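Quick notes on the structure that follows.
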Amino acid sequence: MSGILYDTRRFFYATRETFATVYNLISIFNADYPKAQSVLQHEMPIAERIARLKAAQRLVIRRIGDWIIVYSHVSAYESSCARAILDLGADVAFIISKHKKILRVVGRAKQSFVKNTGISLGRDLMPHLGELLGGVGGGHDTAAVAEGAAKYDFTYVVNIIHGILEKKILRISKQAL
């Protein structure tokens with residue numbers, strides 16, 4: 001039950017099947033919903049809170065049509081920062097970090113972005129980005145990662161990502177006409 005709550009962001013990304021499964025867990029197996037929720041309640045560590053605030057402070061905001069694409073950089077808690085930036089209003093968030101000789105790009109997108117553009121971060125963006133950075137990339141539609149050589153700077157990586165997204169979104173817009 002806790003796993004379902006976590007994976008669906010407390011039913012934000014739930015489907016009909018999710019609710020049916022939860023109903024079965026409660027009615028058949030006597031699952032304790034309040035207990036499952038309490039497992040997920042935890043005080044965010046101060047380091048993670050600081051990373052989120054730094055990510056927000058360093059935002060680079062760009063638009064492609066009506067889509068808000070946001071970039072930032074921190075040294076830890078990249079996924080948490082990307083989720084927080086989506087909650088602030090971005091449609092897609094990319095957090096860039098460097099760890100020794102590795103550059104890491106964590107991307108998160110709203111379901112509405114994937115649904116309306118058909119762009120999957122894990123299929124259409126991160127593998128290509130990873131290759132351009134001399135590494136690898138992959139993931140899911142709304143959550144993906146690319147890694148490469150740490151020799152690239154923040155602005156260079158932002159420009160690569162934005163260029164790829166811009167081409168894909170503009171191509172999709174032209175096909176819709």
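Following the order of the structure tokens, chains are lettered A, B, ..., residues in each are numbered from 1, and ligands are numbered from 1.
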
Do you know which residues are at most 12 Å from His162 of chain A counting only C-alpha atoms, after dropping those on the same chain fewer than 6 positions away, and could you put them as an MDAnalysis selection string?
chainID A and resid 60:64 67:71 92:94 125 129 155:156 168:170

Using only C-alpha atoms, which protein or nucleic acid residues come within 10 Å of Ala150 of chain A? Drop anything in the same chain fewer than 6 positions from it, and give the result as a PDB file with C-alpha atoms, in the first residue's frame.
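To be explicit, this is the file written out as part-v6.pdb:
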ATOM      1  CA  SER A  97      25.165  18.076 -11.328  1.00  0.00           C
ATOM      2  CA  LYS A  98      28.800  17.074 -11.424  1.00  0.00           C
ATOM      3  CA  HIS A  99      30.324  14.314  -9.345  1.00  0.00           C
ATOM      4  CA  LYS A 100      34.059  13.910  -9.871  1.00  0.00           C
ATOM      5  CA  LYS A 101      34.419  13.050 -13.581  1.00  0.00           C
ATOM      6  CA  ILE A 102      30.708  12.494 -14.271  1.00  0.00           C
ATOM      7  CA  LEU A 103      28.119  15.028 -15.338  1.00  0.00           C
ATOM      8  CA  ARG A 104      24.575  13.936 -14.483  1.00  0.00           C
ATOM      9  CA  LEU A 133      27.892  13.985 -23.561  1.00  0.00           C
ATOM     10  CA  GLY A 134      30.010  10.871 -24.102  1.00  0.00           C
TER      11      GLY A 134
END

Strand (DSSP E) residues, from DSSP on the backbone, in chain A, as number ranges by chain
A: 60-64, 67-73, 92-99, 102-109, 136-139, 143-149

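Nearest-residue note for Phe12 of chain A: choosing from A:Gln111, A:Met126, A:Glu43, A:Ala56, the minimum distance belongs to A:Gln111, counting only C-alpha atoms.
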
In segment 15-132 of chain A, what's helix (DSSP H, G or I) per DSSP? Answer as a ChimeraX atom specification?
/A:16-27,33-40,46-57,78-88,111-117,121-132

Could those residues be written to a file, using C-alpha atoms, as a PDB file, in the first residue's frame?
ATOM      1  CA  ARG A  16      -8.772   3.116 -12.269  1.00  0.00           C
ATOM      2  CA  GLU A  17      -6.666  -0.014 -11.770  1.00  0.00           C
ATOM      3  CA  THR A  18      -4.725   1.683  -8.964  1.00  0.00           C
ATOM      4  CA  PHE A  19      -7.917   2.363  -7.028  1.00  0.00           C
ATOM      5  CA  ALA A  20      -9.173  -1.182  -7.643  1.00  0.00           C
ATOM      6  CA  THR A  21      -5.910  -2.581  -6.283  1.00  0.00           C
ATOM      7  CA  VAL A  22      -6.072  -0.360  -3.203  1.00  0.00           C
ATOM      8  CA  TYR A  23      -9.686  -1.356  -2.629  1.00  0.00           C
ATOM      9  CA  ASN A  24      -8.666  -5.031  -2.760  1.00  0.00           C
ATOM     10  CA  LEU A  25      -5.740  -4.457  -0.413  1.00  0.00           C
ATOM     11  CA  ILE A  26      -8.061  -2.837   2.129  1.00  0.00           C
ATOM     12  CA  SER A  27     -11.077  -5.130   1.774  1.00  0.00           C
ATOM     13  CA  TYR A  33      -4.411   2.986   4.869  1.00  0.00           C
ATOM     14  CA  PRO A  34      -3.522   5.499   7.634  1.00  0.00           C
ATOM     15  CA  LYS A  35      -0.518   3.375   8.604  1.00  0.00           C
ATOM     16  CA  ALA A  36       0.600   3.174   4.963  1.00  0.00           C
ATOM     17  CA  GLN A  37       0.393   6.964   4.723  1.00  0.00           C
ATOM     18  CA  SER A  38       2.310   7.451   7.969  1.00  0.00           C
ATOM     19  CA  VAL A  39       5.206   5.382   6.603  1.00  0.00           C
ATOM     20  CA  LEU A  40       5.645   8.027   3.909  1.00  0.00           C
ATOM     21  CA  ILE A  46      17.958  19.832   6.053  1.00  0.00           C
ATOM     22  CA  ALA A  47      20.505  19.095   3.299  1.00  0.00           C
ATOM     23  CA  GLU A  48      17.687  18.150   0.924  1.00  0.00           C
ATOM     24  CA  ARG A  49      15.693  21.255   1.837  1.00  0.00           C
ATOM     25  CA  ILE A  50      18.755  23.413   1.172  1.00  0.00           C
ATOM     26  CA  ALA A  51      19.374  21.673  -2.179  1.00  0.00           C
ATOM     27  CA  ARG A  52      15.781  22.372  -3.223  1.00  0.00           C
ATOM     28  CA  LEU A  53      16.115  26.030  -2.269  1.00  0.00           C
ATOM     29  CA  LYS A  54      19.431  26.345  -4.127  1.00  0.00           C
ATOM     30  CA  ALA A  55      17.870  24.734  -7.205  1.00  0.00           C
ATOM     31  CA  ALA A  56      15.025  27.246  -7.069  1.00  0.00           C
ATOM     32  CA  GLN A  57      17.469  30.122  -6.614  1.00  0.00           C
ATOM     33  CA  GLU A  78      18.677  16.113  -8.019  1.00  0.00           C
ATOM     34  CA  SER A  79      15.431  14.116  -8.302  1.00  0.00           C
ATOM     35  CA  SER A  80      13.899  15.817  -5.301  1.00  0.00           C
ATOM     36  CA  CYS A  81      14.824  19.218  -6.727  1.00  0.00           C
ATOM     37  CA  ALA A  82      13.312  18.367 -10.110  1.00  0.00           C
ATOM     38  CA  ARG A  83      10.041  17.255  -8.484  1.00  0.00           C
ATOM     39  CA  ALA A  84       9.933  20.446  -6.409  1.00  0.00           C
ATOM     40  CA  ILE A  85      10.409  22.566  -9.533  1.00  0.00           C
ATOM     41  CA  LEU A  86       7.528  20.779 -11.258  1.00  0.00           C
ATOM     42  CA  ASP A  87       5.425  21.593  -8.207  1.00  0.00           C
ATOM     43  CA  LEU A  88       6.417  25.257  -8.633  1.00  0.00           C
ATOM     44  CA  GLN A 111       2.253  13.769 -17.546  1.00  0.00           C
ATOM     45  CA  SER A 112       0.480  16.508 -19.511  1.00  0.00           C
ATOM     46  CA  PHE A 113       3.734  17.342 -21.318  1.00  0.00           C
ATOM     47  CA  VAL A 114       4.302  13.723 -22.350  1.00  0.00           C
ATOM     48  CA  LYS A 115       0.653  13.238 -23.322  1.00  0.00           C
ATOM     49  CA  ASN A 116       0.385  16.399 -25.413  1.00  0.00           C
ATOM     50  CA  THR A 117       3.813  16.313 -27.080  1.00  0.00           C
ATOM     51  CA  LEU A 121      12.282  11.790 -21.628  1.00  0.00           C
ATOM     52  CA  GLY A 122      13.540   8.219 -21.333  1.00  0.00           C
ATOM     53  CA  ARG A 123      13.034   7.280 -24.971  1.00  0.00           C
ATOM     54  CA  ASP A 124      13.374  10.503 -26.977  1.00  0.00           C
ATOM     55  CA  LEU A 125      15.757  12.736 -25.049  1.00  0.00           C
ATOM     56  CA  MET A 126      18.082  11.225 -22.479  1.00  0.00           C
ATOM     57  CA  PRO A 127      19.641   8.458 -24.625  1.00  0.00           C
ATOM     58  CA  HIS A 128      20.537  11.058 -27.258  1.00  0.00           C
ATOM     59  CA  LEU A 129      21.777  13.541 -24.639  1.00  0.00           C
ATOM     60  CA  GLY A 130      23.873  10.876 -22.928  1.00  0.00           C
ATOM     61  CA  GLU A 131      25.490  10.009 -26.245  1.00  0.00           C
ATOM     62  CA  LEU A 132      26.266  13.675 -27.000  1.00  0.00           C
TER      63      LEU A 132
END

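Compared by their closest atoms to Leu5 of chain A, and using only C-alpha atoms, the residues A:Ala76, A:Phe29, A:Gln41, A:Ala143 rank with A:Gln41 nearest.
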
Taking into account only C-alpha atoms, which residue in the set A:Phe154, A:Ala146, A:Tyr6, A:Ile164 is nearest to Arg58 of chain A?
A:Phe154

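Across the model, the gap from atom CA of Gly135 of chain A to atom CA of Gly118 of chain A is 24.5 Å.
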
Between atom CA of Lys110 of chain A and atom CA of Ser2 of chain A, what is the spacing in Å?
22.1 Å

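Counting from atom CA of Val106 of chain A, the distance to atom CA of Ala144 of chain A is 6.1 Å.
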